[in-house]
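Participant: Sharing a structure, written as structure tokens. Questions coming.
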Amino acid sequence: MAITFKEVEYTYSPDTPFAYHALKGINLNIPKGSFTALIGHTGSGKSTLIQHINGLLIPTQGEVCIDDYIITPNNKQKLKPLRKKAGLVFQFPEYQLFEETIEKDIIFGPMNFGVDEETAKKIAREMLVKVGLDESYLERSPFELSGGQKRRVAIAGILAMEPDILVLDEPTAGLDPQGTKEMMHLFKDFQQTGKSVIMVTHDMNQVLEYCDHAIVMNHGKIEKNCSVTELFNETEYLESLSIDLPIITSFIHQLNQQGFNLPVSIRSVDELIEAIGGELHE
Amino acid sequence: MNDIVFGQYLPGHSIIHRLDPRLKIASLLLLLIAVFFDAGFIGYGLIGLFVLLALLLSRIPFKRVLKSMKPMIFMVLFLTIFNLFFVRIGHVVYRLGPVPIYSGAIRQTEYIVVRLVLIICLTTMLTSTTKPLDMTLGLERLMKPLRKVGFPVHEVAMMISIALRFIPTLMEETQRIMKAQASRGVDFNEGTFKEKIAAIVSLIIPLFISAFQRAEDLANAMESRNYNPSAKRTRFHQLHWHYYDTIAITLVLCLFFGIWGLSFIL
Amino acid sequence: MENMIEVKHLSFEYEAGAKTIEDISFTIPKGSYTTILGHNGSGKSTIAKLLIGLLEGEGEIIVDHIPLTIDTLYDVRSKVGIVFQNPDNQFIGSTVRDDIAFGLENLCVDPNKMEGIIEEYARKVNMYEFLDHEPTKLSGGQKQRVAIAGILAMSPSIIILDEATSMLDPLGKREINELVHSLNKEKGMTILSITHDIEEAAISDQVILMGDGHIIQTGTPDQVLKEVKTLESLALDVPFAYKITSALKKKGFPIEETIDQKGLVETLWQLHSKK
């Protein structure tokens, strides 16, 4: 399930005084099975870009290809099947819950896409467990849950659509460290079944730990499209955008300035400790 | 959505924009009453002339006023037909097939159309040249006497201004929830009646829940900043009465009493 | 040292029998930067609401020498400014100017003096150019800065940040953190920050560690944040510098556990140059 953007432009409310040119000449290729981070400041065009992946927005110029789906400005085809393929999780998805029970809310998506009730319920059960809640929750109301639990239910509702691509807009915003960690592992597991994950995030520690690919957007354009290791090597560029380095990488840079010679490709604390230990032993 | 012109503020710095909102609201009320005095076409002519003058001064494009009448076209048409066919005063001037049209009917229809047009023009003038906040403030001041009979003037004014503040936020929220549900396979445009109901439910419930959450947060934020609805507060926005407000109200009063007087003579 | 806030045996329950806060006591010294650290649902945000009487609990709360009662409710609130989590839901005015004015109106400030006060505090938070902007045209960080200006204009004795940066992007977060730290360092403003950010706690003066409605521990960051087992059992992170130093110590390097990252670079550099 490859994603390709060819010369994509997008303008909000074109031909009005409020016209806003949000995407400018986007060329992009996201290979199947990757975990891609989408980075950039508020207003850089990230949200606009991800809404093209499941056809919520149609490019005003150029074309977007999702697998065999080709979307051009005068799109006539039904977009519903595409929305099943590419599951989009908006920021604070807990605000999209509305059914009386958690089970009903999770099967809402799959049933909209034509899955029969029994199968949908079976999937709902699996997904609920996957997001870390047990079956006893099925009959409960989503509105009596804590904020973090609500978010898990909402994400289970998207996973239950069995998408091939998972698009996430700041999925861990507002979660505590434990909740964040569990959520990220969930997405990593999803990716390791051969599916693609595209995640908008501001947390560079997450990018370093979980992603393999990074796209940086600025003023509606793609400025970088590279591996995570390459990205964090470009300290000056990141600084110019006031994007913080991951805590590990920034620490490595500080030590290297003091005469250490640590590789910047280190991606976990354990690796870092090994490497520091190694240098001190020499 | 952008087609709805009626009731929208159009930023500007004209003399009409600068007039005191209390004056503008009071003038609107007076002139709306004057529109219903039977002062014949001389009366309407006078009001029409006044509106035209104000419109020129305010520099609101004519197009905008015309646009604001668009939603009323149907009503005008309906009233015209209704009157033409059913009012039987005066003599028959024309026969539309078997239906006789009376001279009185034509006269009344003309009156109704003119009245409606004037009402819309006047209201559009007020809303286009007065910031929502100033409007609230003006209303609050004008309704002040009602506090004596226990009407919660301050609270109502606060409610209106918060509602105005949150309209854009809730519009954005609606968009976001619609997109989120569309991502879950909801089709807001097509589908059977049952599917449409389901689609609306999936939008309304989250919208309500989030609105209530916002209301609670907002109440906390207001209280934490010492808001006490029953206590005295000062107001940052002060209304200042200028000499041109006095001139304007004198003009409006002259017009009002002039037309009133005219209605006795005619 | 003089205390800005004293809390004695405070308890609170939303529903009978399920205590959200159970018998907690703590003090916040004047001029200090205190963090209340806990995971989501640990009861930490309830404390903020109790401190200004948005919720009524059992026990005693004294703010700047005033015991909180029904009669002193508004006196206490005028001493405490709170910045809440959601930037949108605490923006009351229709423009930045009006929003800062809101608190002043409640304090019955003379309308003729308001403009000057508003401009002064808008400048302090770097929002002067935005005075006539509507909230929908501002970023989350800018809205929180306006919230802080609105609070500062009411000249409070203490500012409480109730997860005020958790919905912001890194830039917004940094701006707010820098602003709050400078208020603390330069103006001596007492700060109470409710957070689950361990690195923020690490640079504060006092940490109150919360778990399930109880205070688990109170002390300096050095005392509280080295308790790895406790932190992990509370679903919290361990400071980065501590992770590195404790692991290196276990490997037999002559290094002491620390939570101070800058100091750690120094120490490692010395070890490195000695070898």
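Naming scheme: A, B, ... for chains in displayed order of the structure tokens; residues 1 onward per chain; ligands 1 onward as shown.
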I need the chain B residues near chain A as a list in words; criterion: at most 6 Å, counting only C-alpha atoms.

Facilitator: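 Every residue of chain B that passes the 6 Å test is in Ser183, Arg184, Gly185, Ile205 and Pro206 of chain B.
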
Participant: So that I can see what lies close to stretch 22-27 of chain B, please list as a PyMOL selection string the residues with an atom at most 7 Å from it, counting only C-alpha atoms and leaving out residues fewer than 6 positions away in the same chain.

Facilitator: chain B and resi 126+138-139+142+245+249+252

Participant: Pull the closest atom pair for each residue of chain B that gets at most 10 Å from chain C, along with the distance in Å to one decimal, counting only C-alpha atoms, ordering rows by chain and then ascending residue number, as a Markdown table.

Facilitator:
```
| residue | atom | partner | partner_atom | distance |
| --- | --- | --- | --- | --- |
| B:Pro132 | CA | C:Ser94 | CA | 9.6 |
| B:Leu133 | CA | C:Ser94 | CA | 8.0 |
| B:Ser161 | CA | C:Ser94 | CA | 7.8 |
| B:Ile162 | CA | C:Ile92 | CA | 6.9 |
| B:Leu164 | CA | C:Ser94 | CA | 7.9 |
| B:Arg165 | CA | C:Ser94 | CA | 5.2 |
| B:Phe166 | CA | C:Ser94 | CA | 8.7 |
| B:Pro168 | CA | C:Thr136 | CA | 7.3 |
| B:Thr169 | CA | C:Thr136 | CA | 7.0 |
| B:Glu172 | CA | C:Thr136 | CA | 9.3 |
| B:Ala211 | CA | C:Asn89 | CA | 9.9 |
| B:Gln213 | CA | C:Asn89 | CA | 8.8 |
| B:Arg214 | CA | C:Asn89 | CA | 5.6 |
| B:Ala215 | CA | C:Asn89 | CA | 7.7 |
| B:Glu216 | CA | C:Asn89 | CA | 8.7 |
| B:Asp217 | CA | C:Asn89 | CA | 5.8 |
| B:Leu218 | CA | C:Asn89 | CA | 5.3 |
| B:Ala219 | CA | C:Gln90 | CA | 8.5 |
| B:Asn220 | CA | C:Leu54 | CA | 6.9 |
| B:Ala221 | CA | C:Gln90 | CA | 5.3 |
| B:Met222 | CA | C:Gln90 | CA | 7.5 |
| B:Glu223 | CA | C:Leu54 | CA | 7.6 |
| B:Ser224 | CA | C:Arg77 | CA | 6.0 |
| B:Arg225 | CA | C:Gly103 | CA | 5.4 |
| B:Asn226 | CA | C:Asn106 | CA | 5.9 |
| B:Tyr227 | CA | C:Asn106 | CA | 5.5 |
| B:Asn228 | CA | C:Asn106 | CA | 7.3 |
| B:Pro229 | CA | C:Asn106 | CA | 9.3 |
| B:Ala231 | CA | C:Asn106 | CA | 8.3 |
| B:Lys232 | CA | C:Cys108 | CA | 7.3 |
| B:Arg233 | CA | C:Cys108 | CA | 5.1 |
| B:Thr234 | CA | C:Cys108 | CA | 4.8 |
| B:Arg235 | CA | C:Glu105 | CA | 5.5 |
| B:Phe236 | CA | C:Pro111 | CA | 5.0 |
| B:His237 | CA | C:Pro111 | CA | 7.6 |
| B:Gln238 | CA | C:Pro111 | CA | 7.6 |
```

Participant: Quick check: residues of chain A within 7 Å of chain C, only C-alpha atoms, returned as a list of chain:residue names.

Facilitator: A:Ala173, A:Gly174, A:Asp176, A:Pro177, A:Gln178, A:His202, A:Leu255, A:Gln258, A:Ile273, A:Gly277, A:Leu280

Participant: Any chance you can output those residues with all heavy atoms as a short mmCIF file (atom, residue, chain, number, x, y, z; two decimals), in the first residue's frame?

Facilitator:
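Writing done, so here's out_15.cif:
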```cif
data_model
loop_
_atom_site.label_atom_id
_atom_site.label_comp_id
_atom_site.auth_asym_id
_atom_site.auth_seq_id
_atom_site.Cartn_x
_atom_site.Cartn_y
_atom_site.Cartn_z
N ALA A 173 -0.91 13.17 22.51
CA ALA A 173 -1.01 14.49 23.15
C ALA A 173 -1.82 14.40 24.44
O ALA A 173 -2.91 13.84 24.45
CB ALA A 173 -1.66 15.48 22.20
N GLY A 174 -1.25 14.91 25.52
CA GLY A 174 -1.97 14.94 26.79
C GLY A 174 -1.93 13.66 27.60
O GLY A 174 -2.41 13.62 28.72
N ASP A 176 -0.12 10.64 29.84
CA ASP A 176 1.04 10.60 30.74
C ASP A 176 2.07 9.60 30.19
O ASP A 176 1.79 8.87 29.23
CB ASP A 176 0.62 10.32 32.18
CG ASP A 176 -0.12 9.01 32.34
OD1 ASP A 176 0.06 8.12 31.49
OD2 ASP A 176 -0.87 8.88 33.31
N PRO A 177 3.29 9.58 30.74
CA PRO A 177 4.37 8.79 30.13
C PRO A 177 4.00 7.32 29.93
O PRO A 177 4.26 6.75 28.87
CB PRO A 177 5.51 8.92 31.14
CG PRO A 177 5.25 10.19 31.86
CD PRO A 177 3.77 10.35 31.91
N GLN A 178 3.35 6.73 30.91
CA GLN A 178 2.97 5.33 30.80
C GLN A 178 1.99 5.13 29.65
O GLN A 178 2.17 4.25 28.80
CB GLN A 178 2.34 4.88 32.13
CG GLN A 178 2.03 3.41 32.21
CD GLN A 178 3.30 2.57 32.23
OE1 GLN A 178 4.35 3.03 32.69
NE2 GLN A 178 3.21 1.34 31.75
N HIS A 202 4.97 16.07 17.61
CA HIS A 202 5.88 17.13 18.00
C HIS A 202 6.97 16.57 18.90
O HIS A 202 7.87 17.28 19.31
CB HIS A 202 5.14 18.23 18.76
CG HIS A 202 4.24 19.05 17.91
ND1 HIS A 202 4.70 19.75 16.82
CD2 HIS A 202 2.91 19.30 17.97
CE1 HIS A 202 3.69 20.39 16.26
NE2 HIS A 202 2.60 20.13 16.93
N LEU A 255 28.08 15.64 24.59
CA LEU A 255 29.26 14.87 24.97
C LEU A 255 30.33 14.91 23.88
O LEU A 255 31.52 15.05 24.16
CB LEU A 255 28.88 13.42 25.27
CG LEU A 255 28.12 13.19 26.58
CD1 LEU A 255 27.84 11.71 26.77
CD2 LEU A 255 28.87 13.72 27.79
N GLN A 258 32.56 17.65 23.95
CA GLN A 258 33.55 17.56 25.03
C GLN A 258 34.60 16.49 24.75
O GLN A 258 35.28 16.05 25.67
CB GLN A 258 32.87 17.26 26.37
CG GLN A 258 31.78 18.21 26.77
CD GLN A 258 32.32 19.57 27.17
OE1 GLN A 258 33.52 19.74 27.38
NE2 GLN A 258 31.43 20.55 27.25
N ILE A 273 24.06 4.04 26.97
CA ILE A 273 24.86 3.67 28.15
C ILE A 273 26.00 2.75 27.73
O ILE A 273 27.15 2.94 28.14
CB ILE A 273 23.95 3.01 29.21
CG1 ILE A 273 22.97 4.04 29.76
CG2 ILE A 273 24.79 2.42 30.33
CD1 ILE A 273 21.81 3.47 30.51
N GLY A 277 29.85 3.75 28.21
CA GLY A 277 30.68 2.80 28.96
C GLY A 277 31.88 2.39 28.14
O GLY A 277 33.01 2.38 28.60
N LEU A 280 34.51 5.13 27.92
CA LEU A 280 35.21 5.38 29.17
C LEU A 280 36.19 4.26 29.49
O LEU A 280 37.18 4.45 30.17
CB LEU A 280 34.21 5.54 30.32
CG LEU A 280 33.34 6.80 30.28
CD1 LEU A 280 32.40 6.83 31.45
CD2 LEU A 280 34.19 8.07 30.25
#
```

Participant: Determine, counting only C-alpha atoms, which protein, DNA and RNA residues have an atom within 7 Å of an atom of C:Gly141; residues of the same chain fewer than 4 positions away are not included. Present the result as a list in words.

Facilitator: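 The contact residues come out as Arg145, Leu168, Gly172 and Lys173 of chain C.
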
Participant: Please produce a file of those selected residues containing N, CA, C and O atoms, as a short mmCIF file (atom, residue, chain, number, x, y, z; two decimals), in the first residue's frame.

Facilitator:
```
data_model
loop_
_atom_site.label_atom_id
_atom_site.label_comp_id
_atom_site.auth_asym_id
_atom_site.auth_seq_id
_atom_site.Cartn_x
_atom_site.Cartn_y
_atom_site.Cartn_z
N ARG C 145 -0.34 32.43 26.84
CA ARG C 145 0.36 33.63 27.26
C ARG C 145 -0.65 34.73 27.60
O ARG C 145 -0.46 35.48 28.56
N LEU C 168 0.17 21.96 24.27
CA LEU C 168 0.91 22.87 23.38
C LEU C 168 1.99 22.14 22.60
O LEU C 168 2.47 21.10 23.01
N GLY C 172 5.43 26.35 21.88
CA GLY C 172 4.52 26.94 22.86
C GLY C 172 4.92 26.56 24.27
O GLY C 172 4.92 27.39 25.18
N LYS C 173 5.29 25.29 24.43
CA LYS C 173 5.72 24.79 25.73
C LYS C 173 6.92 25.58 26.24
O LYS C 173 6.96 26.02 27.38
#
```

Participant: Could you build a table of the residues in stretch 38-74 of chain C lying no more than 12 Å from stretch 19-26 of chain C, giving for each the nearest pair of atoms and their separation in Å rounded to one decimal place, using only C-alpha atoms, ordered by chain and ascending residue number, as CSV?

Facilitator:
```
residue,atom,partner,partner_atom,distance
C:Gly41,CA,C:Thr20,CA,8.8
C:Ser42,CA,C:Thr20,CA,7.9
C:Gly43,CA,C:Thr20,CA,5.7
C:Lys44,CA,C:Ile21,CA,8.5
C:Ser45,CA,C:Thr20,CA,10.2
C:Thr46,CA,C:Ile21,CA,7.7
C:Ile47,CA,C:Ile21,CA,7.8
C:Ala48,CA,C:Ile21,CA,11.5
C:Lys49,CA,C:Ile21,CA,11.6
C:Leu50,CA,C:Ile21,CA,9.9
C:Leu51,CA,C:Phe26,CA,11.9
C:Leu55,CA,C:Ile21,CA,11.7
C:Glu56,CA,C:Ile21,CA,11.6
C:Gly57,CA,C:Ile21,CA,8.8
C:Glu58,CA,C:Asp23,CA,8.7
C:Gly59,CA,C:Asp23,CA,7.9
C:Glu60,CA,C:Ser25,CA,9.0
C:Ile61,CA,C:Ser25,CA,9.3
C:Ile62,CA,C:Phe26,CA,10.8
```

Participant: What separation in Å, quoted to one decimal, exists between atom CA of A:Lys224 and atom CA of A:Leu28?

Facilitator: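 Taking atom CA of A:Lys224 as the start and atom CA of A:Leu28 as the end point, the length is 10.5 Å.
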
Participant: One decimal, Å: what's the distance from atom CA of A:Gly62 over to atom CA of A:Thr11, could you say?

Facilitator: 12.1 Å

Participant: Distance atom CA of A:Phe190-atom CA of A:Glu63, one decimal place?

Facilitator: 27.5 Å

Participant: Do you know which residues are at most 10 Å from A:Asn261 counting only C-alpha atoms, after dropping those on the same chain fewer than 6 positions away, and could you put them as a PDB file with N, CA and C atoms, in the first residue's frame?

Facilitator:
```
ATOM      1  N   ILE A 252      24.122  13.309  23.247  1.00  0.00           N
ATOM      2  CA  ILE A 252      25.272  12.816  22.481  1.00  0.00           C
ATOM      3  C   ILE A 252      26.057  13.979  21.889  1.00  0.00           C
ATOM      4  N   HIS A 253      25.329  14.956  21.320  1.00  0.00           N
ATOM      5  CA  HIS A 253      26.009  16.121  20.757  1.00  0.00           C
ATOM      6  C   HIS A 253      26.803  16.859  21.820  1.00  0.00           C
ATOM      7  N   LEU A 255      28.078  15.644  24.590  1.00  0.00           N
ATOM      8  CA  LEU A 255      29.262  14.866  24.972  1.00  0.00           C
ATOM      9  C   LEU A 255      30.327  14.914  23.880  1.00  0.00           C
ATOM     10  N   ALA A 275      27.455   2.616  24.871  1.00  0.00           N
ATOM     11  CA  ALA A 275      28.447   3.377  24.114  1.00  0.00           C
ATOM     12  C   ALA A 275      29.303   4.257  25.024  1.00  0.00           C
ATOM     13  N   ILE A 276      28.662   4.912  25.998  1.00  0.00           N
ATOM     14  CA  ILE A 276      29.429   5.744  26.925  1.00  0.00           C
ATOM     15  C   ILE A 276      30.385   4.866  27.713  1.00  0.00           C
ATOM     16  N   GLU A 279      33.374   3.942  25.666  1.00  0.00           N
ATOM     17  CA  GLU A 279      34.366   5.009  25.501  1.00  0.00           C
ATOM     18  C   GLU A 279      35.170   5.232  26.774  1.00  0.00           C
TER      19      GLU A 279
END
```

Participant: Please give the complete set of residues from stretch 17-84 of chain C that DSSP, run on the backbone, assigns to strand (DSSP E or B), formatted as a VMD selection string.

Facilitator: chain C and resid 18 to 29 33 to 37 58 to 63 66 to 67 80 to 83
